[in-house]
$ cat run.txt   # compact mmCIF, C-alpha atoms
# COMPACT_ATOMS: atom_id res chain seq x y z
CA MET A 1 92.98 23.22 15.88
CA PRO A 2 92.77 21.83 19.42
CA ILE A 3 90.87 18.61 19.85
CA THR A 4 87.98 17.99 22.20
CA LEU A 5 87.53 14.48 23.53
CA ALA A 6 84.01 13.12 23.86
CA GLN A 7 83.56 10.67 26.71
CA THR A 8 82.02 7.43 25.47
CA ASP A 9 80.49 4.19 26.75
CA THR A 10 83.34 2.19 25.18
CA ASN A 11 85.88 0.64 27.51
CA SER A 12 89.43 1.78 26.83
CA ASP A 13 91.93 -0.66 25.40
CA ALA A 14 94.78 1.07 27.25
CA ALA A 15 96.71 -0.96 29.79
CA LEU A 16 94.92 -0.45 33.00
CA ASP A 17 97.47 -0.47 35.77
CA GLU A 18 98.25 3.19 36.01
CA LEU A 19 96.29 5.87 37.74
CA CYS A 20 97.38 9.04 36.01
CA SER A 21 97.61 10.83 39.32
CA THR A 22 99.95 11.37 42.21
CA MET A 23 98.38 8.43 43.97
CA LEU A 24 99.94 5.07 44.56
CA ALA A 25 99.00 1.92 42.73
CA GLY A 26 96.04 0.25 44.37
CA GLN A 27 94.23 3.51 45.00
CA PHE A 28 91.90 2.96 42.08
CA TYR A 29 88.35 1.87 42.88
CA SER A 30 88.18 -1.91 42.61
CA ASN A 31 85.03 -1.49 40.52
CA GLY A 32 86.04 1.71 38.78
CA PHE A 33 85.90 2.06 35.02
CA ARG A 34 88.32 3.02 32.27
CA LYS A 35 86.68 4.32 29.13
CA LYS A 36 87.61 5.91 25.86
CA ALA A 37 87.28 9.65 25.26
CA THR A 38 87.91 10.51 21.64
CA SER A 39 87.50 13.33 19.16
CA GLY A 40 84.25 12.85 17.28
CA GLY A 41 83.14 10.05 19.60
CA THR A 42 79.52 9.42 20.49
CA PRO A 43 78.84 10.68 24.01
CA GLY A 44 77.98 7.88 26.40
CA THR A 45 74.40 7.26 27.49
CA ILE A 46 74.82 4.42 30.00
CA GLU A 47 75.06 5.33 33.66
CA VAL A 48 77.84 3.49 35.45
CA THR A 49 77.62 2.73 39.15
CA ILE A 50 80.83 2.95 41.06
CA THR A 51 81.36 2.17 44.71
CA HIS A 52 83.75 3.95 47.01
CA PRO A 53 85.05 1.52 49.61
CA ALA A 54 84.22 1.80 53.27
CA ALA A 55 86.97 4.16 54.27
CA ALA A 56 87.29 7.90 54.55
CA THR A 57 89.88 8.15 51.82
CA THR A 58 90.56 9.80 48.49
CA LEU A 59 90.69 7.43 45.53
CA VAL A 60 90.54 7.46 41.73
CA PRO A 61 87.11 6.19 40.60
CA PHE A 62 87.68 6.15 36.84
CA ASN A 63 89.94 7.15 33.96
CA PHE A 64 89.29 8.31 30.44
CA TYR A 65 91.92 7.57 27.79
CA SER A 66 92.17 9.01 24.30
CA ALA A 67 92.05 6.60 21.39
CA GLU A 68 95.05 4.89 19.83
CA ASN A 69 97.29 7.46 18.08
CA GLU A 70 95.34 10.34 19.55
CA PRO A 71 96.55 13.08 19.47
CA ASN A 72 99.31 11.53 17.29
CA SER A 73 101.53 14.48 18.02
CA THR A 74 105.13 14.83 19.20
CA VAL A 75 104.51 18.29 20.61
CA TRP A 76 101.51 18.84 22.83
CA GLU A 77 100.83 22.54 23.05
CA ALA A 78 100.75 24.32 26.39
CA GLY A 79 97.39 25.67 27.43
CA ASN A 80 94.26 25.04 29.38
CA TRP A 81 92.55 21.71 29.78
CA VAL A 82 89.06 21.23 31.24
CA ASP A 83 87.74 17.97 32.64
CA VAL A 84 83.97 17.60 32.99
CA ILE A 85 81.93 14.98 34.85
CA GLU A 86 78.20 14.33 34.65
CA VAL A 87 76.75 12.84 37.81
CA ALA A 88 73.46 11.01 37.22
CA THR A 89 73.02 9.60 40.73
CA ALA A 90 74.41 12.03 43.25
CA ASN A 91 76.08 11.28 46.54
CA LYS A 92 76.85 14.21 48.76
CA ASN A 93 79.18 12.13 50.90
CA LEU A 94 81.58 12.18 47.96
CA THR A 95 83.61 15.20 46.89
CA TRP A 96 85.66 15.74 43.72
CA ARG A 97 89.01 16.77 45.22
CA ARG A 98 91.41 16.88 42.32
CA ALA A 99 91.45 16.66 38.53
CA ASN A 100 94.55 15.25 36.84
CA ILE A 101 95.57 15.30 33.20
CA CYS A 102 98.35 12.91 32.21
CA ARG A 103 100.36 11.80 29.25
CA VAL A 104 100.50 8.03 29.00
CA ASP A 105 102.16 5.80 26.45
CA ALA A 106 100.31 3.77 23.85
CA THR A 107 99.61 1.04 26.38
CA GLY A 108 98.37 3.38 29.10
CA LEU A 109 101.54 3.53 31.18
CA GLU A 110 101.91 6.95 32.77
CA ILE A 111 104.72 9.06 31.31
CA ALA A 112 104.13 12.48 32.81
CA SER A 113 101.68 14.71 34.61
CA VAL A 114 100.44 17.41 32.26
CA GLY A 115 98.62 19.34 34.93
CA PHE A 116 96.19 19.18 37.82
CA VAL A 117 93.90 21.34 39.88
CA THR A 118 92.62 20.85 43.42
CA LEU A 119 88.86 21.06 43.85
CA ALA A 120 86.10 20.92 46.46
CA ILE A 121 83.05 19.98 44.40
CA ALA A 122 80.19 18.22 46.18
CA LEU A 123 78.92 15.59 43.78
CA ALA A 124 75.32 16.66 43.33
CA ALA A 125 73.40 15.52 40.25
CA GLY A 126 74.41 17.44 37.14
CA VAL A 127 77.47 18.51 35.21
CA HIS A 128 80.61 19.50 37.08
CA SER A 129 83.63 21.18 35.54
CA SER A 130 87.17 21.24 36.82
CA GLY A 131 87.66 24.72 35.42
CA ASN A 132 90.93 25.45 33.67
CA ILE A 133 93.83 23.10 34.30
CA SER A 134 97.04 24.72 33.13
CA GLY A 135 99.14 22.30 31.13
CA ALA A 136 102.78 22.67 30.16
CA VAL A 137 104.07 21.80 26.72
CA GLN A 138 104.76 18.08 26.30
CA ASN A 139 107.45 16.60 24.10
CA ALA A 140 105.76 13.33 23.40
CA ALA A 141 106.14 10.15 21.47
CA ALA A 142 103.71 9.98 18.58
CA GLY A 143 101.76 7.16 20.16
CA ASP A 144 101.31 8.84 23.53
CA ARG A 145 97.77 9.24 24.74
CA ILE A 146 95.82 11.61 26.92
CA ALA A 147 94.41 10.35 30.22
CA THR A 148 92.26 11.95 32.87
CA ALA A 149 92.00 10.86 36.50
CA PRO A 150 89.67 12.53 38.97
CA GLU A 151 90.10 11.90 42.67
CA PHE A 152 86.99 11.52 44.86
CA GLU A 153 86.98 11.77 48.64
CA ASN A 154 84.58 9.81 50.83
CA SER A 155 83.75 11.89 53.91
CA THR A 156 82.34 8.88 55.77
CA SER A 157 83.75 5.58 56.91
CA MET A 158 81.00 3.69 55.08
CA VAL A 159 80.64 2.39 51.51
CA GLN A 160 79.25 5.04 49.13
CA ASN A 161 77.80 4.65 45.63
CA ILE A 162 77.56 7.15 42.81
CA GLY A 163 76.29 7.02 39.22
CA ILE A 164 78.45 8.56 36.49
CA LEU A 165 77.31 9.24 32.94
CA PRO A 166 80.31 9.22 30.54
CA SER A 167 78.69 11.87 28.38
CA GLN A 168 80.76 15.02 28.59
CA ALA A 169 83.63 16.62 26.66
CA ILE A 170 87.22 17.08 27.76
CA THR A 171 88.76 20.29 26.43
CA THR A 172 92.40 20.15 25.38
CA PRO A 173 94.88 22.67 23.94
CA VAL A 174 96.46 19.95 21.79
CA SER A 175 96.17 19.72 18.02
CA GLN A 176 95.66 16.41 16.31
CA GLY A 177 98.07 14.66 14.07
CA ASN A 178 101.19 16.65 13.25
CA TRP A 179 103.28 13.48 13.39
CA PRO A 180 103.34 11.51 10.15
CA HIS A 181 102.38 8.21 11.66
CA HIS A 182 100.22 7.36 8.69
CA ARG A 183 102.69 8.97 6.31
CA GLY A 184 105.31 6.56 7.64
CA GLU A 185 103.04 3.67 6.86
CA TYR A 186 102.40 5.20 3.42
CA LEU A 187 106.12 5.48 2.69
CA GLU A 188 106.63 1.92 3.85
CA THR A 189 103.92 0.80 1.47
CA GLN A 190 105.41 2.78 -1.37
CA GLN A 191 108.83 1.30 -0.73
CA SER A 192 107.39 -2.19 -0.67
CA GLU A 193 105.59 -1.56 -3.92
CA SER A 194 108.75 -0.09 -5.39
CA VAL A 195 110.75 -3.15 -4.38
CA ALA A 196 108.04 -5.40 -5.73
CA SER A 197 107.94 -3.61 -9.09
CA SER A 198 111.75 -3.68 -9.43
CA MET A 199 111.59 -7.44 -9.00
CA ARG A 200 109.12 -7.85 -11.84
CA MET B 1 65.91 23.98 40.54
CA ALA B 2 65.33 20.24 40.57
CA LYS B 3 62.40 18.96 42.59
CA VAL B 4 62.05 15.53 44.13
CA VAL B 5 59.14 13.68 42.54
CA GLY B 6 59.43 10.65 44.79
CA PHE B 7 61.68 8.76 47.13
CA LYS B 8 62.27 5.16 48.07
CA LEU B 9 63.48 3.68 51.33
CA TRP B 10 65.19 0.32 51.72
CA PHE B 11 65.16 -1.20 55.21
CA ALA B 12 67.32 -3.83 56.87
CA ASP B 13 64.37 -6.22 57.19
CA GLY B 14 64.21 -6.38 53.39
CA SER B 15 61.20 -4.11 53.04
CA LYS B 16 61.02 -1.20 50.64
CA VAL B 17 58.75 1.83 50.62
CA ALA B 18 58.10 4.13 47.64
CA ILE B 19 56.53 7.51 48.30
CA ARG B 20 55.53 10.04 45.68
CA THR B 21 55.88 13.70 46.48
CA GLN B 22 52.96 15.42 44.93
CA GLY B 23 54.67 18.05 42.81
CA ARG B 24 55.86 21.49 43.69
CA ASN B 25 55.05 23.55 46.73
CA GLN B 26 52.93 20.85 48.23
CA GLN B 27 52.48 20.42 51.92
CA GLN B 28 51.21 16.88 51.99
CA ILE B 29 52.42 13.70 50.36
CA GLY B 30 49.42 11.60 51.22
CA VAL B 31 51.47 9.42 53.53
CA ASP B 32 51.77 9.79 57.26
CA LEU B 33 55.51 9.97 57.72
CA ASP B 34 55.07 8.95 61.34
CA SER B 35 53.76 5.62 60.10
CA LEU B 36 57.17 4.83 58.67
CA PRO B 37 59.59 2.80 60.77
CA SER B 38 61.92 4.86 62.95
CA THR B 39 64.85 2.48 62.67
CA GLY B 40 66.49 0.03 60.33
CA LEU B 41 67.05 2.25 57.29
CA LEU B 42 69.82 1.28 54.88
CA VAL B 43 69.40 3.38 51.74
CA VAL B 44 67.33 6.34 50.53
CA MET B 45 67.01 7.14 46.82
CA LEU B 46 65.57 10.46 45.67
CA TYR B 47 64.13 10.82 42.17
CA TYR B 48 64.26 14.28 40.61
CA ASP B 49 62.16 15.90 37.89
CA GLU B 50 65.32 16.72 35.92
CA PHE B 51 67.22 14.61 33.42
CA SER B 52 70.77 14.35 32.17
CA VAL B 53 72.05 16.71 29.48
CA ASP B 54 71.04 14.23 26.77
CA GLY B 55 67.58 13.96 28.33
CA LYS B 56 67.78 10.18 28.72
CA THR B 57 68.73 9.55 32.33
CA ARG B 58 66.71 10.73 35.29
CA TYR B 59 68.80 12.46 37.91
CA ARG B 60 68.74 10.87 41.33
CA ARG B 61 70.52 11.10 44.65
CA ILE B 62 71.46 8.29 46.99
CA LEU B 63 71.73 8.70 50.76
CA GLN B 64 73.55 5.92 52.55
CA GLY B 65 76.12 5.13 55.21
CA ASN B 66 74.97 7.55 57.88
CA ASP B 67 73.52 7.14 61.37
CA ILE B 68 70.38 9.25 60.94
CA TYR B 69 68.21 10.25 57.98
CA TYR B 70 65.54 12.94 58.12
CA ILE B 71 62.68 14.09 55.96
CA THR B 72 60.81 17.34 56.24
CA PHE B 73 59.03 19.94 54.14
CA ASP B 74 60.85 23.24 54.02
CA SER B 75 57.94 25.58 54.62
CA THR B 76 60.24 28.41 55.71
CA ALA B 77 61.86 28.88 52.30
CA PRO B 78 60.56 31.44 49.78
CA PRO B 79 57.60 29.91 47.94
CA GLN B 80 59.51 29.17 44.75
CA PHE B 81 62.08 27.13 46.71
CA ARG B 82 59.76 25.25 49.03
CA ASP B 83 60.40 21.57 48.68
CA TRP B 84 61.01 18.42 50.59
CA LEU B 85 64.33 18.25 52.38
CA PHE B 86 66.13 14.99 52.81
CA GLY B 87 69.21 14.85 54.97
CA GLN B 88 71.69 12.49 56.50
CA THR B 89 73.88 13.03 59.51
CA ASN B 90 75.88 11.28 62.19
CA THR B 91 75.07 14.00 64.73
CA ALA B 92 71.67 13.83 66.41
CA SER B 93 71.72 17.50 67.37
CA ASP B 94 71.61 18.40 63.66
CA LEU B 95 67.92 17.53 63.83
CA ASP B 96 67.33 20.54 66.08
CA ARG B 97 67.42 22.68 62.95
CA TYR B 98 64.42 20.84 61.55
CA PRO B 99 61.70 20.72 64.16
CA GLY B 100 58.98 18.29 63.20
CA ALA B 101 61.18 16.38 60.78
CA LYS B 102 60.68 12.66 60.49
CA SER B 103 63.91 10.93 61.45
CA ILE B 104 64.87 7.33 60.82
CA VAL B 105 67.88 5.72 62.40
CA GLY B 106 70.20 3.91 60.03
CA GLN B 107 71.36 0.37 60.58
CA THR B 108 74.51 -1.50 59.80
CA THR B 109 74.25 -4.89 58.18
CA ASN B 110 76.57 -7.45 56.69
CA ASP B 111 78.51 -6.50 53.57
CA ASP B 112 76.83 -9.00 51.28
CA PHE B 113 73.30 -7.89 52.10
CA TYR B 114 74.29 -4.24 51.93
CA LYS B 115 75.75 -4.80 48.47
CA VAL B 116 72.54 -6.48 47.33
CA VAL B 117 70.40 -3.61 48.62
CA THR B 118 72.56 -0.83 47.21
CA THR B 119 72.76 -2.61 43.85
CA GLN B 120 68.96 -2.82 43.80
CA ALA B 121 68.71 0.86 44.65
CA MET B 122 71.20 1.98 42.01
CA GLY B 123 69.39 -0.07 39.37
CA ASP B 124 65.89 0.99 40.36
CA MET B 125 64.46 3.38 37.73
CA ASN B 126 60.89 2.22 38.29
CA MET B 127 58.64 5.26 38.31
CA SER B 128 55.43 3.25 38.25
CA GLU B 129 55.86 2.62 41.96
CA PHE B 130 55.11 6.31 42.40
CA GLY B 131 52.08 6.04 40.16
CA LEU B 132 54.00 7.96 37.51
CA ALA B 133 54.27 6.94 33.89
CA PRO B 134 57.80 6.37 32.58
CA LYS B 135 59.05 9.22 30.45
CA PRO B 136 59.43 7.89 26.88
CA GLY B 137 62.99 7.76 25.58
CA THR B 138 64.50 7.67 29.03
CA THR B 139 65.80 5.00 31.37
CA ASP B 140 62.55 5.24 33.36
CA ILE B 141 60.59 2.01 33.60
$ encode --input "run.txt" --output "structure tokens"
Amino acid sequence: MPITLAQTDTNSDAALDELCSTMLAGQFYSNGFRKKATSGGTPGTIEVTITHPAAATTLVPFNFYSAENEPNSTVWEAGNWVDVIEVATANKNLTWRRANICRVDATGLEIASVGFVTLAIALAAGVHSSGNISGAVQNAAAGDRIATAPEFENSTSMVQNIGILPSQAITTPVSQGNWPHHRGEYLETQQSESVASSMR
Amino acid sequence: MAKVVGFKLWFADGSKVAIRTQGRNQQQIGVDLDSLPSTGLLVVMLYYDEFSVDGKTRYRRILQGNDIYYITFDSTAPPQFRDWLFGQTNTASDLDRYPGAKSIVGQTTNDDFYKVVTTQAMGDMNMSEFGLAPKPGTTDI
């Protein structure tokens, strides 16, 4: 059964140098956030202010990363993804231009683009959906994680603020846990116990 | 459709004005807009009567970084949609569409002061300045 990732208030522990987008390093907001989105997580309730720098550019304001060993799968199914953003304090000088879904390694390093969609969503207060993002099948390492990266455009040459509530759900086509990560640990434990008992 | 219940203006001289809009379909806000300064505006924050999906965070909208801001009551809309209009533009002729609108010219300031003001605005959930009680269980204060 495909997992749905709940955006949370918790900062992600993933390494934070990658953007999960086509953009170059350094095009992340200097005060952007990286938070955890996880199956069964508690939706966030704390509004986060982010500031787009004083330039008419498109940048990545934040990322969400799945939890460690999520989805814990070596084959990510093809299908539709949906990224959703709740804007608590709107700013109509900012536009959501592109939604990216990426596969990153356990530390957050980008491995591959899963899919993206170009958008033109004025960031009024409320919930905004990317609509379907078609994702190809991914042959992954078991520890690979899901990451999202929206791209916002500032239509002015002045600093712009916006308030984001990390409260929404990210729809995925990927099923959780068909790789025996824990089984491996279990077998290791059994072997250790077996060795220990043979030494008695 | 969300309605604006109040708005706040932050000016370059450090002053701040909070004005309550008196509910839906109203023609007067009890404040003479012409008494407001016509220059020196840095930030406008609008406060809506709607809350986030979880009901805890009041929706707002910030207007900043433009040359001109304008405020008017949209009396030409169908009654159910009549509301205050707040706009921002860098083109003075845009105001021709809103005869009678109160306009305030924006001002540039140094980065440090601008950061202080915008941080204040983003953190300002104080509804008592509008004479409104905070909604229990929300971020209103």
$ closest_atom_pairs --input "run.txt" --of "chain A" --to "chain B" --cutoff "10 Å" --atoms "all atoms listed in the file" --output "tab-separated table"
residue	atom	partner	partner_atom	distance
A:Pro43	CA	B:Asp54	CA	9.0
A:Gly44	CA	B:Asp54	CA	9.4
A:Thr45	CA	B:Lys56	CA	7.3
A:Ile46	CA	B:Thr57	CA	8.3
A:Glu47	CA	B:Thr57	CA	7.7
A:Val48	CA	B:Met122	CA	9.5
A:Thr49	CA	B:Met122	CA	7.1
A:Ile50	CA	B:Met122	CA	9.7
A:Thr51	CA	B:Thr118	CA	9.6
A:Ala54	CA	B:Gly65	CA	9.0
A:Glu86	CA	B:Ser52	CA	7.8
A:Val87	CA	B:Tyr59	CA	8.0
A:Ala88	CA	B:Tyr59	CA	4.9
A:Thr89	CA	B:Arg60	CA	4.5
A:Ala90	CA	B:Arg61	CA	4.2
A:Asn91	CA	B:Ile62	CA	5.5
A:Lys92	CA	B:Leu63	CA	7.8
A:Asn93	CA	B:Leu63	CA	8.2
A:Leu123	CA	B:Arg61	CA	9.6
A:Ala124	CA	B:Arg61	CA	7.5
A:Ala125	CA	B:Tyr59	CA	6.0
A:Gly126	CA	B:Ser52	CA	6.9
A:Val127	CA	B:Val53	CA	8.1
A:Thr156	CA	B:Gly65	CA	7.3
A:Ser157	CA	B:Gly65	CA	7.8
A:Met158	CA	B:Gly65	CA	5.1
A:Val159	CA	B:Gly65	CA	6.5
A:Gln160	CA	B:Gln64	CA	6.7
A:Asn161	CA	B:Ile62	CA	7.4
A:Ile162	CA	B:Ile62	CA	7.5
A:Gly163	CA	B:Met122	CA	7.7
A:Leu165	CA	B:Ser52	CA	8.3
A:Ser167	CA	B:Asp54	CA	8.2
A:Gln168	CA	B:Val53	CA	8.9
$ residues_near_point --input "run.txt" --point "(88.3, 21.8, 22.6)" --cutoff "7 Å" --atoms "all atoms listed in the file" --output "PyMOL selection string"
chain A and resi 2-4+171-173
$ closest_residue --input "run.txt" --among "A:Arg97, A:Arg145, A:His52, A:Arg103" --to "Ile121 (chain A)" --atoms "all atoms listed in the file"
A:Arg97
$ residues_around --input "run.txt" --residues "Asp105 (chain A)" --least-positions-apart "4" --cutoff "7 Å" --atoms "all atoms listed in the file" --output "PyMOL selection string"
chain A and resi 109-111+143-145
$ write_last_selection --input "run.txt" --atoms "C-alpha atoms" --output "PDB file, in the frame of the given file"
ATOM      1  CA  LEU A 109     101.540   3.530  31.180  1.00  0.00           C
ATOM      2  CA  GLU A 110     101.910   6.950  32.770  1.00  0.00           C
ATOM      3  CA  ILE A 111     104.720   9.060  31.310  1.00  0.00           C
ATOM      4  CA  GLY A 143     101.760   7.160  20.160  1.00  0.00           C
ATOM      5  CA  ASP A 144     101.310   8.840  23.530  1.00  0.00           C
ATOM      6  CA  ARG A 145      97.770   9.240  24.740  1.00  0.00           C
TER       7      ARG A 145
END
$ residues_around --input "run.txt" --residues "Val82 (chain A)" --least-positions-apart "2" --cutoff "9 Å" --atoms "all atoms listed in the file" --output "CSV table (one decimal) with C-alpha atoms, in the frame of the given file"
chain,number,residue,atom,x,y,z
A,80,ASN,CA,94.3,25.0,29.4
A,84,VAL,CA,84.0,17.6,33.0
A,99,ALA,CA,91.4,16.7,38.5
A,129,SER,CA,83.6,21.2,35.5
A,130,SER,CA,87.2,21.2,36.8
A,131,GLY,CA,87.7,24.7,35.4
A,132,ASN,CA,90.9,25.4,33.7
A,133,ILE,CA,93.8,23.1,34.3
A,134,SER,CA,97.0,24.7,33.1
A,169,ALA,CA,83.6,16.6,26.7
A,170,ILE,CA,87.2,17.1,27.8
A,171,THR,CA,88.8,20.3,26.4
A,172,THR,CA,92.4,20.2,25.4
$ closest_residue --input "run.txt" --among "B:Met1, B:Tyr69, B:Val116, B:Leu36" --to "Leu95 (chain B)" --atoms "all atoms listed in the file"
B:Tyr69
$ decode --input "run.txt" --residues "region 45-72 of chain B" --atoms "N, CA and C atoms" --output "PDB file, in the first residue's frame"
ATOM      1  N   MET B  45       0.045  44.280   6.686  1.00  0.00           N
ATOM      2  CA  MET B  45      -0.373  42.906   7.008  1.00  0.00           C
ATOM      3  C   MET B  45      -1.892  42.878   7.108  1.00  0.00           C
ATOM      4  N   LEU B  46      -2.494  41.972   6.346  1.00  0.00           N
ATOM      5  CA  LEU B  46      -3.943  41.778   6.383  1.00  0.00           C
ATOM      6  C   LEU B  46      -4.242  40.562   7.247  1.00  0.00           C
ATOM      7  N   TYR B  47      -5.293  40.664   8.038  1.00  0.00           N
ATOM      8  CA  TYR B  47      -5.725  39.558   8.906  1.00  0.00           C
ATOM      9  C   TYR B  47      -7.090  39.081   8.441  1.00  0.00           C
ATOM     10  N   TYR B  48      -7.184  37.801   8.109  1.00  0.00           N
ATOM     11  CA  TYR B  48      -8.427  37.255   7.559  1.00  0.00           C
ATOM     12  C   TYR B  48      -9.292  36.631   8.660  1.00  0.00           C
ATOM     13  N   ASP B  49     -10.523  36.348   8.296  1.00  0.00           N
ATOM     14  CA  ASP B  49     -11.436  35.665   9.224  1.00  0.00           C
ATOM     15  C   ASP B  49     -11.361  34.149   9.054  1.00  0.00           C
ATOM     16  N   GLU B  50     -10.423  33.668   8.281  1.00  0.00           N
ATOM     17  CA  GLU B  50     -10.270  32.219   8.074  1.00  0.00           C
ATOM     18  C   GLU B  50      -8.981  31.716   8.723  1.00  0.00           C
ATOM     19  N   PHE B  51      -9.015  30.429   9.055  1.00  0.00           N
ATOM     20  CA  PHE B  51      -7.879  29.809   9.739  1.00  0.00           C
ATOM     21  C   PHE B  51      -7.351  28.641   8.913  1.00  0.00           C
ATOM     22  N   SER B  52      -6.170  28.191   9.295  1.00  0.00           N
ATOM     23  CA  SER B  52      -5.544  27.053   8.634  1.00  0.00           C
ATOM     24  C   SER B  52      -6.428  25.817   8.741  1.00  0.00           C
ATOM     25  N   VAL B  53      -6.065  24.782   8.008  1.00  0.00           N
ATOM     26  CA  VAL B  53      -6.862  23.554   7.969  1.00  0.00           C
ATOM     27  C   VAL B  53      -7.062  22.978   9.370  1.00  0.00           C
ATOM     28  N   ASP B  54      -6.026  23.085  10.205  1.00  0.00           N
ATOM     29  CA  ASP B  54      -6.157  22.559  11.577  1.00  0.00           C
ATOM     30  C   ASP B  54      -6.855  23.548  12.511  1.00  0.00           C
ATOM     31  N   GLY B  55      -7.225  24.697  12.000  1.00  0.00           N
ATOM     32  CA  GLY B  55      -7.987  25.663  12.788  1.00  0.00           C
ATOM     33  C   GLY B  55      -7.173  26.464  13.775  1.00  0.00           C
ATOM     34  N   LYS B  56      -5.849  26.333  13.745  1.00  0.00           N
ATOM     35  CA  LYS B  56      -5.025  26.938  14.796  1.00  0.00           C
ATOM     36  C   LYS B  56      -4.312  28.232  14.380  1.00  0.00           C
ATOM     37  N   THR B  57      -4.127  28.413  13.101  1.00  0.00           N
ATOM     38  CA  THR B  57      -3.344  29.565  12.652  1.00  0.00           C
ATOM     39  C   THR B  57      -4.196  30.474  11.769  1.00  0.00           C
ATOM     40  N   ARG B  58      -4.285  31.730  12.175  1.00  0.00           N
ATOM     41  CA  ARG B  58      -5.072  32.674  11.380  1.00  0.00           C
ATOM     42  C   ARG B  58      -4.348  32.944  10.061  1.00  0.00           C
ATOM     43  N   TYR B  59      -5.107  32.908   8.996  1.00  0.00           N
ATOM     44  CA  TYR B  59      -4.531  33.256   7.701  1.00  0.00           C
ATOM     45  C   TYR B  59      -4.307  34.760   7.604  1.00  0.00           C
ATOM     46  N   ARG B  60      -3.189  35.108   6.995  1.00  0.00           N
ATOM     47  CA  ARG B  60      -2.848  36.511   6.804  1.00  0.00           C
ATOM     48  C   ARG B  60      -2.251  36.697   5.401  1.00  0.00           C
ATOM     49  N   ARG B  61      -2.010  37.952   5.074  1.00  0.00           N
ATOM     50  CA  ARG B  61      -1.302  38.245   3.821  1.00  0.00           C
ATOM     51  C   ARG B  61      -0.409  39.445   4.059  1.00  0.00           C
ATOM     52  N   ILE B  62       0.822  39.343   3.611  1.00  0.00           N
ATOM     53  CA  ILE B  62       1.755  40.455   3.746  1.00  0.00           C
ATOM     54  C   ILE B  62       1.925  41.133   2.394  1.00  0.00           C
ATOM     55  N   LEU B  63       1.960  42.470   2.437  1.00  0.00           N
ATOM     56  CA  LEU B  63       2.248  43.270   1.239  1.00  0.00           C
ATOM     57  C   LEU B  63       3.516  44.068   1.546  1.00  0.00           C
ATOM     58  N   GLN B  64       4.493  43.938   0.705  1.00  0.00           N
ATOM     59  CA  GLN B  64       5.781  44.583   0.964  1.00  0.00           C
ATOM     60  C   GLN B  64       6.559  44.699  -0.341  1.00  0.00           C
ATOM     61  N   GLY B  65       7.547  45.596  -0.332  1.00  0.00           N
ATOM     62  CA  GLY B  65       8.489  45.657  -1.445  1.00  0.00           C
ATOM     63  C   GLY B  65       7.943  46.248  -2.721  1.00  0.00           C
ATOM     64  N   ASN B  66       6.904  47.076  -2.605  1.00  0.00           N
ATOM     65  CA  ASN B  66       6.383  47.731  -3.804  1.00  0.00           C
ATOM     66  C   ASN B  66       6.423  49.252  -3.625  1.00  0.00           C
ATOM     67  N   ASP B  67       6.201  49.964  -4.747  1.00  0.00           N
ATOM     68  CA  ASP B  67       6.290  51.430  -4.703  1.00  0.00           C
ATOM     69  C   ASP B  67       5.034  52.066  -4.119  1.00  0.00           C
ATOM     70  N   ILE B  68       3.879  51.481  -4.429  1.00  0.00           N
ATOM     71  CA  ILE B  68       2.606  52.093  -4.040  1.00  0.00           C
ATOM     72  C   ILE B  68       1.676  51.021  -3.472  1.00  0.00           C
ATOM     73  N   TYR B  69       0.978  51.377  -2.407  1.00  0.00           N
ATOM     74  CA  TYR B  69      -0.043  50.505  -1.820  1.00  0.00           C
ATOM     75  C   TYR B  69      -1.369  51.261  -1.871  1.00  0.00           C
ATOM     76  N   TYR B  70      -2.482  50.538  -2.048  1.00  0.00           N
ATOM     77  CA  TYR B  70      -3.760  51.230  -2.092  1.00  0.00           C
ATOM     78  C   TYR B  70      -4.819  50.427  -1.346  1.00  0.00           C
ATOM     79  N   ILE B  71      -5.764  51.179  -0.831  1.00  0.00           N
ATOM     80  CA  ILE B  71      -6.840  50.609  -0.028  1.00  0.00           C
ATOM     81  C   ILE B  71      -8.145  51.215  -0.513  1.00  0.00           C
ATOM     82  N   THR B  72      -9.121  50.359  -0.763  1.00  0.00           N
ATOM     83  CA  THR B  72     -10.416  50.878  -1.166  1.00  0.00           C
ATOM     84  C   THR B  72     -11.488  49.848  -0.839  1.00  0.00           C
TER      85      THR B  72
END
